[in-house]
Amino acid sequence: MSDPKSDASDTAVEESQTDAVSRRARGEFVRGVSGFRNVLGEDPDFPAEPDRYHLFVALNCPWCHRVTLARNILGLENCVSMDVAFPNRTLDDDPVASGLWEFNPGRVATLTGTPLPECTMETATGKQFRLAKQIYEAEGSKETSLPILYDKKTKRILSNESAEIIRMLNRQAKPLGSRLSDADRPDLYPMADGDAPVREEIDRLNELIYNKINNGAYKAGFSSRQDVYATAFENYFAMLRTLEELLASDGRPFLVGETFTEADLRLFPTLYRHDPVYYVRMKLNGARIMDYAHLWRWLCRVHALPGVASSNSLVHCRQGYFGRSWNNVVPLGPLHPITYPEAYDHPDLAQT
């Protein structure tokens, strides 16, 4: 049997950290590497059991959105508990530090003028930590990121790599206590011998989608150099055209064919954010997803799947991305031809 930790690492497409400091200094956005990489159900310290594991997430974060999508689509809402951070990090006057994820349900969003009902206190550690940073510090780590998959029994972080978390939830959905039968629960990454071609296609798409779309949006939006931004912009829209052509080639409903897979799950959070957020905030104003007829219908098709719409909130997304801009003002649109997320209920809006 191969080492389960090495198997787990195959699920993440990580960015090279070579020369990361100087690359950042030259204006490039370089994503770091997650440090907690235990394997649920294979590591003896972390057996798959119902009601044992917990997720810490922020709904504006697309990497967290992957995880909340998997939780809902796999029917794990009732057996994997979850806390939700406020979509903006702590401010300069925070007694610990600025720029940290905070569990503070009383904090007021500038967009709504009220607290956000999805936000929670921290409920899993028994310490009622206010900051995600404190969850890491309890294990001697200096990391601060979300999502976190946490073991409530041992009070330990199992994983903070979203790509690996969704793969583990899929593999262990039944022993974790999924409310869905085997027949009704999608298999995001089928492991049967005959499914090797499907896995190869998922892996191929995952790598392209991560580099050009998921991380590509951040490469564009957070670059501080025009040429670096332009390259990311061009790569992003070239990949959208490639995906449009893939869906158009044979009328397939999902990226790999007739069934929803991990490739669809990993693409969805970015495209869900594109028209109402990334078009402006990430300077990705080359086109809307609505301008790609097949991709728009795909986006609406996925949004209509059970559990998908409730896995996230565009209020959190707008607040999280624009609320950290220089003036903290959140745009109210788009309003035409219809508001979002209501637009996702209208595949007929696709521009043909």
# chains A, B, ... in the order shown; residues from 1 in each chain; ligands from 1
>>> select_by_dssp(residues="range 31-202 of chain A", states="helix (DSSP H, G or I)", output="PyMOL selection string")
chain A and resi 62-73+132-137+162-171+173-176+193-202
>>> atom_distance(atom1="CA of Ala304 in chain A", atom2="CA of Arg199 in chain A")
24.5 Å
>>> residues_around(residues="Val57 in chain A", least_positions_apart="5", cutoff="6 Å", atoms="only C-alpha atoms", output="compact mmCIF listing (two decimals) with N, CA and C atoms, in the first residue's frame")
# COMPACT_ATOMS: atom_id res chain seq x y z
N CYS A 64 -12.60 28.06 0.70
CA CYS A 64 -13.59 27.57 1.65
C CYS A 64 -14.87 27.13 0.94
N VAL A 84 -18.58 29.84 10.84
CA VAL A 84 -18.39 30.78 9.74
C VAL A 84 -17.80 32.09 10.27
N LEU A 146 -7.89 29.89 6.36
CA LEU A 146 -9.08 29.05 6.31
C LEU A 146 -9.17 28.51 4.88
N PRO A 147 -9.79 27.31 4.71
CA PRO A 147 -10.55 26.51 5.68
C PRO A 147 -9.66 25.66 6.56
>>> residues_around(residues="range 225-240 of chain A", least_positions_apart="3", cutoff="7 Å", atoms="only C-alpha atoms", output="list in words")
Gly27, Glu28, Lys212, Ile213, Gly216, Lys219, Ala220, Leu243, Glu244 and Leu284 of chain A
>>> write_last_selection(atoms="C-alpha atoms", output="PDB file, in the first residue's frame")
ATOM      1  CA  GLY A  27       4.470  42.386  -8.281  1.00  0.00           C
ATOM      2  CA  GLU A  28       3.396  38.760  -8.638  1.00  0.00           C
ATOM      3  CA  LYS A 212      -5.699  29.707 -15.145  1.00  0.00           C
ATOM      4  CA  ILE A 213      -9.017  30.320 -13.342  1.00  0.00           C
ATOM      5  CA  GLY A 216      -5.475  33.013 -12.042  1.00  0.00           C
ATOM      6  CA  LYS A 219      -2.909  36.595 -10.086  1.00  0.00           C
ATOM      7  CA  ALA A 220      -4.849  39.236 -12.003  1.00  0.00           C
ATOM      8  CA  LEU A 243     -14.140  25.455 -21.290  1.00  0.00           C
ATOM      9  CA  GLU A 244     -16.902  27.019 -23.407  1.00  0.00           C
ATOM     10  CA  LEU A 284     -11.431  40.673 -15.057  1.00  0.00           C
TER      11      LEU A 284
END
>>> atom_distance(atom1="CA of Gly177 in chain A", atom2="CA of Ile202 in chain A")
25.8 Å
>>> closest_residue(among="A:Leu265, A:Pro50, A:Ser249, A:Phe322", to="Tyr278 in chain A", atoms="only C-alpha atoms")
A:Phe322
>>> closest_residue(among="A:Thr123, A:Tyr321, A:Cys300, A:Arg130", to="Asp345 in chain A", atoms="only C-alpha atoms")
A:Cys300
>>> atom_distance(atom1="CA of Tyr136 in chain A", atom2="CA of Lys155 in chain A")
10.9 Å
>>> closest_residue(among="A:Gln351, A:Thr259, A:Gln319, A:Thr144", to="Thr114 in chain A", atoms="only C-alpha atoms")
A:Gln319
>>> residues_around(residues="range 166-175 of chain A", least_positions_apart="5", cutoff="9 Å", atoms="only C-alpha atoms", output="list of chain:residue names")
A:Ala8, A:Thr11, A:Val39, A:Leu40, A:Gly41, A:Ala48, A:Glu49, A:Pro50, A:Arg66, A:Val67, A:Thr68, A:Leu69, A:Ala70, A:Arg71, A:Leu74, A:Gly75, A:Leu76, A:Glu161, A:Leu180, A:Ser181, A:Asp182, A:Arg185, A:Pro186, A:Asp187, A:Leu188, A:Tyr189, A:Pro190, A:Met191, A:Glu262
>>> write_last_selection(atoms="N, CA and C atoms", output="mmCIF file, in the first residue's frame")
data_model
loop_
_atom_site.group_PDB
_atom_site.id
_atom_site.type_symbol
_atom_site.label_atom_id
_atom_site.label_comp_id
_atom_site.auth_asym_id
_atom_site.auth_seq_id
_atom_site.Cartn_x
_atom_site.Cartn_y
_atom_site.Cartn_z
ATOM 1 N N ALA A 8 -2.557 11.790 -0.619
ATOM 2 C CA ALA A 8 -3.325 13.004 -0.356
ATOM 3 C C ALA A 8 -2.709 14.207 -1.049
ATOM 4 N N THR A 11 -3.776 15.554 -4.551
ATOM 5 C CA THR A 11 -5.032 16.237 -4.832
ATOM 6 C C THR A 11 -4.864 17.740 -4.934
ATOM 7 N N VAL A 39 -4.605 12.637 6.780
ATOM 8 C CA VAL A 39 -5.542 12.001 5.862
ATOM 9 C C VAL A 39 -6.688 11.352 6.635
ATOM 10 N N LEU A 40 -7.852 11.900 6.485
ATOM 11 C CA LEU A 40 -9.047 11.395 7.150
ATOM 12 C C LEU A 40 -9.346 9.958 6.719
ATOM 13 N N GLY A 41 -9.553 9.080 7.715
ATOM 14 C CA GLY A 41 -9.918 7.702 7.431
ATOM 15 C C GLY A 41 -8.754 6.793 7.104
ATOM 16 N N ALA A 48 -12.694 7.941 10.289
ATOM 17 C CA ALA A 48 -13.927 8.557 9.794
ATOM 18 C C ALA A 48 -15.086 8.144 10.687
ATOM 19 N N GLU A 49 -15.633 9.095 11.424
ATOM 20 C CA GLU A 49 -16.739 8.844 12.351
ATOM 21 C C GLU A 49 -17.743 9.983 12.246
ATOM 22 N N PRO A 50 -19.033 9.704 12.397
ATOM 23 C CA PRO A 50 -20.025 10.782 12.385
ATOM 24 C C PRO A 50 -19.840 11.736 13.567
ATOM 25 N N ARG A 66 -15.173 25.688 -1.890
ATOM 26 C CA ARG A 66 -15.004 24.300 -2.333
ATOM 27 C C ARG A 66 -15.481 23.322 -1.257
ATOM 28 N N VAL A 67 -15.080 23.632 -0.040
ATOM 29 C CA VAL A 67 -15.332 22.721 1.076
ATOM 30 C C VAL A 67 -16.806 22.733 1.475
ATOM 31 N N THR A 68 -17.431 23.917 1.533
ATOM 32 C CA THR A 68 -18.848 23.967 1.875
ATOM 33 C C THR A 68 -19.689 23.317 0.778
ATOM 34 N N LEU A 69 -19.263 23.459 -0.473
ATOM 35 C CA LEU A 69 -19.944 22.762 -1.569
ATOM 36 C C LEU A 69 -19.888 21.258 -1.371
ATOM 37 N N ALA A 70 -18.691 20.730 -1.100
ATOM 38 C CA ALA A 70 -18.553 19.288 -0.903
ATOM 39 C C ALA A 70 -19.398 18.818 0.273
ATOM 40 N N ARG A 71 -19.370 19.550 1.362
ATOM 41 C CA ARG A 71 -20.169 19.195 2.541
ATOM 42 C C ARG A 71 -21.646 19.061 2.189
ATOM 43 N N LEU A 74 -22.440 16.260 -0.724
ATOM 44 C CA LEU A 74 -22.252 14.893 -0.236
ATOM 45 C C LEU A 74 -23.178 14.550 0.925
ATOM 46 N N GLY A 75 -24.040 15.468 1.316
ATOM 47 C CA GLY A 75 -25.014 15.185 2.365
ATOM 48 C C GLY A 75 -24.425 15.114 3.756
ATOM 49 N N LEU A 76 -23.420 15.966 4.035
ATOM 50 C CA LEU A 76 -22.710 15.910 5.315
ATOM 51 C C LEU A 76 -23.072 17.063 6.247
ATOM 52 N N GLU A 161 -5.797 22.144 3.774
ATOM 53 C CA GLU A 161 -5.645 22.190 2.321
ATOM 54 C C GLU A 161 -6.984 21.829 1.686
ATOM 55 N N LEU A 180 -27.274 10.905 2.504
ATOM 56 C CA LEU A 180 -27.622 10.418 1.176
ATOM 57 C C LEU A 180 -27.217 8.964 1.002
ATOM 58 N N SER A 181 -28.033 8.213 0.294
ATOM 59 C CA SER A 181 -27.696 6.828 -0.021
ATOM 60 C C SER A 181 -26.565 6.796 -1.038
ATOM 61 N N ASP A 182 -25.933 5.638 -1.180
ATOM 62 C CA ASP A 182 -24.865 5.499 -2.166
ATOM 63 C C ASP A 182 -25.371 5.846 -3.563
ATOM 64 N N ARG A 185 -25.872 9.830 -3.765
ATOM 65 C CA ARG A 185 -24.736 10.697 -3.457
ATOM 66 C C ARG A 185 -23.763 10.712 -4.630
ATOM 67 N N PRO A 186 -23.407 11.881 -5.155
ATOM 68 C CA PRO A 186 -22.439 11.922 -6.257
ATOM 69 C C PRO A 186 -21.068 11.450 -5.798
ATOM 70 N N ASP A 187 -20.346 10.835 -6.702
ATOM 71 C CA ASP A 187 -18.960 10.439 -6.440
ATOM 72 C C ASP A 187 -18.078 11.424 -7.197
ATOM 73 N N LEU A 188 -17.471 12.335 -6.470
ATOM 74 C CA LEU A 188 -16.747 13.431 -7.096
ATOM 75 C C LEU A 188 -15.456 12.989 -7.779
ATOM 76 N N TYR A 189 -14.887 11.876 -7.316
ATOM 77 C CA TYR A 189 -13.626 11.391 -7.879
ATOM 78 C C TYR A 189 -13.656 9.864 -7.818
ATOM 79 N N PRO A 190 -14.331 9.214 -8.785
ATOM 80 C CA PRO A 190 -14.546 7.760 -8.722
ATOM 81 C C PRO A 190 -13.235 6.987 -8.780
ATOM 82 N N MET A 191 -13.125 5.991 -7.891
ATOM 83 C CA MET A 191 -11.871 5.250 -7.749
ATOM 84 C C MET A 191 -11.916 3.839 -8.330
ATOM 85 N N GLU A 262 -15.507 16.402 -9.316
ATOM 86 C CA GLU A 262 -14.635 17.344 -8.612
ATOM 87 C C GLU A 262 -14.205 18.501 -9.510
#
>>> select_by_dssp(residues="range 60-251 of chain A", states="strand (DSSP E or B)", output="PyMOL selection string")
chain A and resi 81-84+102+108+115+131+148-151+156-159
>>> write_last_selection(atoms="C-alpha atoms", output="PDB file, in the first residue's frame")
ATOM      1  CA  SER A  81     -20.401  20.795  11.949  1.00  0.00           C
ATOM      2  CA  MET A  82     -19.245  24.232  10.797  1.00  0.00           C
ATOM      3  CA  ASP A  83     -18.358  27.735  12.023  1.00  0.00           C
ATOM      4  CA  VAL A  84     -18.387  30.779   9.744  1.00  0.00           C
ATOM      5  CA  GLU A 102     -12.403  36.505  13.058  1.00  0.00           C
ATOM      6  CA  VAL A 108     -21.617  44.787  11.313  1.00  0.00           C
ATOM      7  CA  PRO A 115     -24.557  41.686  11.400  1.00  0.00           C
ATOM      8  CA  LEU A 131      -9.412  34.248  15.779  1.00  0.00           C
ATOM      9  CA  ILE A 148      -9.646  24.178   8.519  1.00  0.00           C
ATOM     10  CA  LEU A 149     -10.908  20.621   9.006  1.00  0.00           C
ATOM     11  CA  TYR A 150     -10.773  20.057  12.753  1.00  0.00           C
ATOM     12  CA  ASP A 151     -11.086  16.987  14.995  1.00  0.00           C
ATOM     13  CA  ARG A 156      -6.354  18.890  16.571  1.00  0.00           C
ATOM     14  CA  ILE A 157      -6.271  20.309  13.068  1.00  0.00           C
ATOM     15  CA  LEU A 158      -6.606  17.505  10.552  1.00  0.00           C
ATOM     16  CA  SER A 159      -6.091  19.501   7.355  1.00  0.00           C
TER      17      SER A 159
END
>>> residues_around(residues="Ile338 in chain A", least_positions_apart="4", cutoff="12 Å", atoms="only C-alpha atoms", output="NGL selection string")
:A and (275-276 or 290 or 333-334 or 342-346 or 348-349)
>>> write_last_selection(atoms="C-alpha atoms", output="short mmCIF file (atom, residue, chain, number, x, y, z; two decimals), in the first residue's frame")
data_model
loop_
_atom_site.label_atom_id
_atom_site.label_comp_id
_atom_site.auth_asym_id
_atom_site.auth_seq_id
_atom_site.Cartn_x
_atom_site.Cartn_y
_atom_site.Cartn_z
CA ASP A 275 -20.01 38.58 -12.79
CA PRO A 276 -20.96 40.19 -9.44
CA MET A 290 -23.33 35.35 -19.02
CA GLY A 333 -24.75 46.01 -8.73
CA PRO A 334 -24.95 44.44 -11.13
CA GLU A 342 -31.22 35.44 -8.71
CA ALA A 343 -29.63 35.46 -12.18
CA TYR A 344 -28.40 31.91 -11.62
CA ASP A 345 -32.01 30.74 -11.73
CA HIS A 346 -32.25 31.91 -15.36
CA ASP A 348 -32.15 31.58 -20.58
CA LEU A 349 -30.17 34.78 -19.94
#
>>> closest_residue(among="A:Cys119, A:Leu305, A:Ala263, A:Leu335", to="Arg204 in chain A", atoms="only C-alpha atoms")
A:Ala263
>>> closest_residue(among="A:Ala248, A:Ala124, A:Leu295, A:Ala138", to="Leu267 in chain A", atoms="only C-alpha atoms")
A:Leu295
>>> closest_residue(among="A:Phe46, A:Trp296, A:Trp101, A:Tyr279", to="Pro253 in chain A", atoms="only C-alpha atoms")
A:Trp296
>>> residues_around(residues="Val330 in chain A", least_positions_apart="5", cutoff="10 Å", atoms="only C-alpha atoms", output="MDAnalysis selection string")
chainID A and resid 109:112 277 315 318:325
